[in-house]
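This report refers to the structure that appears directly beneath it.
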Amino acid sequence: MAMLGVRLAMGRLFEMSAGLGRPSRTYSTSPSFAEVLRLPKRQLTKLVYPLQELEQYLVPDSRPDLHLRIFDPSLEDIARSENFFAATAANRIEYLSSAVRLSHAPEFPRPEVCFIGRSNVGKSSLIKALFSLAPEVEVRVSKKPGHTKKMNFFKVGKYFILVDMPGYGYRAPEDFVDMVEAYLKERRNLKRTFLLVDSVVGITENDKIAVEMCEEFALPYVMVLTKIDKSSKGHLLKQILQIQKFVNTKTQGCFPQLFPVSTVTYSGIHLLKCFIVNVTGNLNGSHFR
Ligand SMILES: Nc1nc2c(ncn2[C@@H]2O[C@H](COP(=O)(O)OP(=O)(O)OP(=O)(O)O)[C@@H](O)[C@H]2O)c(=O)[nH]1
Ligand SMILES: [Mg+2]
């Protein structure tokens with residue numbers, strides 16, 4: 001698709017409205033990983049490797065559709081990754097700045113990852129959950145869609161940056177297209193884009209436009225399925241299989257493994273932290289050994 005097509009598509013992302021999410025509570029602290037390691041095996045699997053737990057409910061024939069273990073770190077790797085997200089005097093985790101255009105983005109030469117998705121999908125909540133071991137960092141979430149209006153940059157120690165983006169769809173900021181398109185296309189230190197999809201709703205037309213844009217810009221991106229606490233196991237499994245099929249058949253640049261998460265139960269959050277540490281080139285370094 002030509003660049004003009006992408007711009008039009010992005011415009012549609014801005015115009016189209018997304019469904020409203022129900023208000024719900026998010027916890028400000030997650031279980032520490034030492035506590036997690038003491039859980040009975042089944043509970044631990046559900047919390048740390050949610051796809052693996054769901055796998056047992058699949059009929060054998062559908063298994064080839066699910067790429068469950070491409071990124072399959074050990075509990076030791078996950079425990080080590082937790083340290084990157086724990087604020088200490090030596091590892092400062094802080095809000096850096098906000099920007100409405102790329103030229104205002106902070107010049108901080110570190111690997112960066114960003115979180116995109118429709119308004120209300122749970123981007124800010126996810127960042128807040130990732131920062132549960134840095135509770136002094138303020139990440140604003142709201143049950144009203146369209147809450148985040150700027151690109152918000154957060155520094156994680158001297159290792160990497162997380163960027164919370166405004167949502168597309170309902171109540172997106174007016175300059176959404178210019179802001180986000182330019183960022184995604186030109187941000188040189190952007191290592192991975194996390195495209196959040198609501199696991200209750202599945203992939204919407206807006207999400208398909210965002211996928212098209214990621215493909216067009218040849219971005220390495222990853223699909224994160226949010227709010228998995230809200231569905232029954234059966235519904236969640238059905239959605240995951242459908243989304244997996246979409247990723248397998250309609251995308252090139254999307255990482256084939258899905259990352260289901262809940263910021264209420266913290267399911268999938270530890271694994272996602274480890275993945276971020278990995279894609280920013282920090283998992284095999286000498287830090288926190
Ligand atoms: N049940 C449940 N609710 C969630 C979860 N994650 C987010 N929410 C709720 O979804 C609503 C929207 O969350 P936000 O994190 O503000 O969404 P956002 O994607 O940042 O939205 P915008 O900034 O408007 O683009 C809030 O009411 C959250 O409490 C989750 O994992 N489970
Ligand atoms: Mg937000």
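Ligands are numbered from 1 in the order shown, chains are lettered A, B, ... in the order of the structure tokens, and residues start at 1 in each chain.
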
Residues within 6 Å of ligand 2 (only C-alpha atoms and all ligand atoms), as a list in words?
-> Lys123, Ser124, Val141, His147, Thr148 and Pro166 of chain A

Picked from range 32-132 of chain A by DSSP as strand (DSSP E or B), as number ranges by chain | A: 93-99, 112-118

Would you mind listing the residues within 7 Å of ligand 1, counting only C-alpha atoms and all ligand atoms, as a PyMOL selection string?
-> chain A and resi 21-26+117-126+140-149+166-168+226-230+261-264

Expected file contents, prior selection, C-alpha atoms, as a JSON list (two decimals), in the first residue's frame:
```json
[["chain", "number", "residue", "atom", "x", "y", "z"],
["A", 21, "GLY", "CA", -14.53, -0.48, 28.40],
["A", 22, "ARG", "CA", -16.15, -1.15, 31.74],
["A", 23, "PRO", "CA", -14.51, 0.50, 34.76],
["A", 24, "SER", "CA", -12.43, -1.85, 36.83],
["A", 25, "ARG", "CA", -9.79, -1.84, 39.48],
["A", 26, "THR", "CA", -6.07, -2.27, 38.93],
["A", 117, "GLY", "CA", -3.63, 0.25, 20.48],
["A", 118, "ARG", "CA", -7.12, 1.65, 20.42],
["A", 119, "SER", "CA", -8.25, 4.01, 23.14],
["A", 120, "ASN", "CA", -9.18, 2.17, 26.33],
["A", 121, "VAL", "CA", -7.44, -1.09, 25.34],
["A", 122, "GLY", "CA", -5.24, -0.84, 28.44],
["A", 123, "LYS", "CA", -1.90, 0.67, 27.32],
["A", 124, "SER", "CA", -1.37, 2.91, 30.32],
["A", 125, "SER", "CA", -2.61, 0.21, 32.70],
["A", 126, "LEU", "CA", -0.07, -2.19, 31.23],
["A", 140, "ARG", "CA", -2.40, 7.78, 34.52],
["A", 141, "VAL", "CA", -5.15, 5.37, 33.54],
["A", 142, "SER", "CA", -8.81, 6.07, 33.06],
["A", 143, "LYS", "CA", -11.98, 4.21, 32.29],
["A", 144, "LYS", "CA", -12.78, 7.01, 29.80],
["A", 145, "PRO", "CA", -11.31, 6.28, 26.35],
["A", 146, "GLY", "CA", -8.97, 8.87, 24.89],
["A", 147, "HIS", "CA", -7.31, 9.70, 28.18],
["A", 148, "THR", "CA", -3.67, 9.69, 27.09],
["A", 149, "LYS", "CA", -3.19, 12.62, 24.70],
["A", 166, "PRO", "CA", -2.39, 7.92, 22.83],
["A", 167, "GLY", "CA", -4.98, 5.46, 21.57],
["A", 168, "TYR", "CA", -6.54, 5.38, 18.13],
["A", 226, "THR", "CA", -5.22, -7.32, 27.22],
["A", 227, "LYS", "CA", -7.86, -7.85, 29.94],
["A", 228, "ILE", "CA", -7.72, -11.65, 29.90],
["A", 229, "ASP", "CA", -9.28, -11.67, 33.37],
["A", 230, "LYS", "CA", -12.57, -10.51, 31.87],
["A", 261, "VAL", "CA", -1.93, -10.21, 29.96],
["A", 262, "SER", "CA", -4.12, -8.98, 32.77],
["A", 263, "THR", "CA", -3.27, -5.97, 34.87],
["A", 264, "VAL", "CA", -5.79, -7.19, 37.46]]
```

Go through A:Thr249, A:Ser103, A:Ser32, A:Ser231 and flag the residue nearest Val180 in chain A, using only C-alpha atoms for the distances.
->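 Checking each of A:Thr249, A:Ser103, A:Ser32, A:Ser231 against Val180 in chain A, counting only C-alpha atoms, the winner is A:Ser103.
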
As number ranges by chain, list the residues of range 154-274 of chain A assigned to alpha helix (DSSP H) by DSSP on the backbone atoms of this structure.
-> A: 176-186, 205-216, 233-250, 269-274

Which distance in Å separates CA of Phe154 in chain A and CA of Gly285 in chain A, to one decimal?
-> 21.3 Å

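Distance annotation: of A:Leu283, A:Val59, A:Cys274, A:Met165, the residue with the minimal separation from Lys238 in chain A is A:Val59; atom set is only C-alpha atoms.
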
Range 276-282 of chain A environment, 9 Å, only C-alpha atoms, sequence neighbours closer than 6 positions dropped, as a list in words =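 In the requested form, the answer reads Ser81, Phe84, Arg110, Pro111, Glu112, Val113, Tyr159, Phe160, Lys191 and Arg192 of chain A.
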
Could you please take those selected residues and save N, CA and C atoms as a compact mmCIF listing (two decimals), in the first residue's frame?
```
# COMPACT_ATOMS: atom_id res chain seq x y z
N SER A 81 14.99 -10.61 35.09
CA SER A 81 14.38 -9.47 34.40
C SER A 81 13.62 -8.57 35.36
N PHE A 84 15.29 -5.35 36.55
CA PHE A 84 15.35 -4.15 35.71
C PHE A 84 14.18 -3.22 36.02
N ARG A 110 18.96 5.22 24.10
CA ARG A 110 18.78 3.88 24.65
C ARG A 110 17.72 3.15 23.83
N PRO A 111 17.75 1.82 23.84
CA PRO A 111 16.70 1.10 23.13
C PRO A 111 15.32 1.50 23.68
N GLU A 112 14.35 1.57 22.78
CA GLU A 112 13.03 2.04 23.19
C GLU A 112 11.97 1.03 22.71
N VAL A 113 10.91 0.89 23.50
CA VAL A 113 9.75 0.10 23.04
C VAL A 113 8.51 0.94 23.27
N TYR A 159 18.84 1.42 31.07
CA TYR A 159 18.74 0.31 30.13
C TYR A 159 17.85 0.56 28.92
N PHE A 160 16.64 1.06 29.17
CA PHE A 160 15.72 1.25 28.03
C PHE A 160 14.61 2.23 28.40
N LYS A 191 12.92 -0.26 19.19
CA LYS A 191 13.29 -1.66 18.98
C LYS A 191 12.08 -2.56 18.78
N ARG A 192 10.97 -2.24 19.41
CA ARG A 192 9.80 -3.09 19.27
C ARG A 192 8.53 -2.29 19.56
```

At what distance in Å, to one decimal, does CA of Gln52 in chain A lie from CA of Gln257 in chain A?
->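 Atom-to-atom, CA of Gln257 in chain A and CA of Gln52 in chain A are spaced 11.6 Å apart.
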
Rank nothing, just name the residue among A:Val201, A:Met151, A:Val163, A:Val36 nearest to Phe176 in chain A, using only C-alpha atoms.
->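 Checking each of A:Val201, A:Met151, A:Val163, A:Val36 against Phe176 in chain A, counting only C-alpha atoms, the winner is A:Met151.
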
Name the residues in contact with Glu138 in chain A at a cut-off of 9 Å, using only C-alpha atoms, excluding same-chain residues fewer than 4 positions from it; report them as a list in words.
-> Glu94, Tyr95 and Lys128 of chain A

Written file, previous selection with N, CA and C atoms, as a JSON list (two decimals), in the first residue's frame:
```json
[["chain", "number", "residue", "atom", "x", "y", "z"],
["A", 94, "GLU", "N", 11.80, 6.38, 35.98],
["A", 94, "GLU", "CA", 11.10, 7.66, 36.09],
["A", 94, "GLU", "C", 10.47, 8.11, 34.78],
["A", 95, "TYR", "N", 9.47, 8.95, 34.96],
["A", 95, "TYR", "CA", 8.85, 9.63, 33.83],
["A", 95, "TYR", "C", 9.88, 10.63, 33.30],
["A", 128, "LYS", "N", 1.66, 0.75, 33.83],
["A", 128, "LYS", "CA", 1.56, 0.86, 35.29],
["A", 128, "LYS", "C", 1.85, -0.50, 35.95]]
```

CA of Arg101 in chain A and CA of Ala182 in chain A are how many Å apart?
->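 Value for the CA of Arg101 in chain A-CA of Ala182 in chain A distance: 7.8 Å.
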
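Non-sequential neighbours of Leu272 in chain A (distance at most 9 Å, separation of 3 or more positions within a chain, only C-alpha atoms) are Leu130, Val224, Phe259, Pro260, Val261, Gly268, Ile269, Phe275, Ile276 and Val277 of chain A.
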
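Between Gly202 in chain A and the residues A:Ile240, A:Pro220, A:Ala172, A:Val139, the shortest atom-to-atom distance, using only C-alpha atoms, involves A:Ile240.
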
Output as a tab-separated table one row per residue of range 62-96 of chain A within 10 Å of range 134-137 of chain A: the closest atom pair and its distance in Å to one decimal place, counting only C-alpha atoms, sorted by chain and residue number ascending.
```
residue	atom	partner	partner_atom	distance
A:Phe85	CA	A:Ala134	CA	7.1
A:Ala86	CA	A:Ala134	CA	5.9
A:Ala87	CA	A:Ala134	CA	4.9
A:Thr88	CA	A:Ala134	CA	8.3
A:Arg92	CA	A:Ala134	CA	8.7
A:Ile93	CA	A:Ala134	CA	6.7
A:Glu94	CA	A:Val137	CA	5.9
A:Tyr95	CA	A:Val137	CA	6.6
```

Near Gln239 in chain A, counting only C-alpha atoms, which residues have an atom at most 10 Å away, once you skip same-chain residues fewer than 6 positions from it, shown as an MDAnalysis selection string?
-> chainID A and resid 198:203 225 231 233 245

Atoms to include: N, CA, C and O atoms. Write the selected residues as an mmCIF file, in the first residue's frame.
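Okay, this is what ended up in result.cif:
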```
data_model
loop_
_atom_site.group_PDB
_atom_site.id
_atom_site.type_symbol
_atom_site.label_atom_id
_atom_site.label_comp_id
_atom_site.auth_asym_id
_atom_site.auth_seq_id
_atom_site.Cartn_x
_atom_site.Cartn_y
_atom_site.Cartn_z
ATOM 1 N N ASP A 198 -7.703 -5.900 22.587
ATOM 2 C CA ASP A 198 -8.565 -6.303 23.705
ATOM 3 C C ASP A 198 -9.004 -7.754 23.497
ATOM 4 O O ASP A 198 -9.659 -8.069 22.501
ATOM 5 N N SER A 199 -8.643 -8.615 24.425
ATOM 6 C CA SER A 199 -8.939 -10.049 24.242
ATOM 7 C C SER A 199 -10.435 -10.335 24.313
ATOM 8 O O SER A 199 -10.890 -11.366 23.820
ATOM 9 N N VAL A 200 -11.203 -9.449 24.915
ATOM 10 C CA VAL A 200 -12.652 -9.671 24.984
ATOM 11 C C VAL A 200 -13.278 -9.382 23.624
ATOM 12 O O VAL A 200 -14.156 -10.090 23.153
ATOM 13 N N VAL A 201 -12.773 -8.336 22.984
ATOM 14 C CA VAL A 201 -13.360 -7.837 21.734
ATOM 15 C C VAL A 201 -12.765 -8.532 20.503
ATOM 16 O O VAL A 201 -13.456 -8.763 19.512
ATOM 17 N N GLY A 202 -11.497 -8.859 20.559
ATOM 18 C CA GLY A 202 -10.800 -9.418 19.391
ATOM 19 C C GLY A 202 -10.282 -8.297 18.484
ATOM 20 O O GLY A 202 -10.333 -7.116 18.853
ATOM 21 N N ILE A 203 -9.804 -8.673 17.307
ATOM 22 C CA ILE A 203 -9.203 -7.690 16.395
ATOM 23 C C ILE A 203 -10.309 -6.895 15.705
ATOM 24 O O ILE A 203 -11.155 -7.462 15.021
ATOM 25 N N LEU A 225 -2.434 -9.282 24.168
ATOM 26 C CA LEU A 225 -3.884 -9.399 24.351
ATOM 27 C C LEU A 225 -4.219 -8.965 25.774
ATOM 28 O O LEU A 225 -3.775 -9.605 26.733
ATOM 29 N N SER A 231 -12.690 -12.522 30.511
ATOM 30 C CA SER A 231 -13.412 -13.541 29.724
ATOM 31 C C SER A 231 -13.431 -14.885 30.423
ATOM 32 O O SER A 231 -12.546 -15.195 31.214
ATOM 33 N N LYS A 233 -12.796 -18.880 30.234
ATOM 34 C CA LYS A 233 -11.702 -19.599 29.573
ATOM 35 C C LYS A 233 -12.067 -19.944 28.118
ATOM 36 O O LYS A 233 -11.251 -19.814 27.207
ATOM 37 N N LYS A 245 -4.606 -17.134 14.330
ATOM 38 C CA LYS A 245 -4.807 -17.440 12.909
ATOM 39 C C LYS A 245 -4.570 -16.182 12.065
ATOM 40 O O LYS A 245 -3.927 -16.230 11.015
#
```
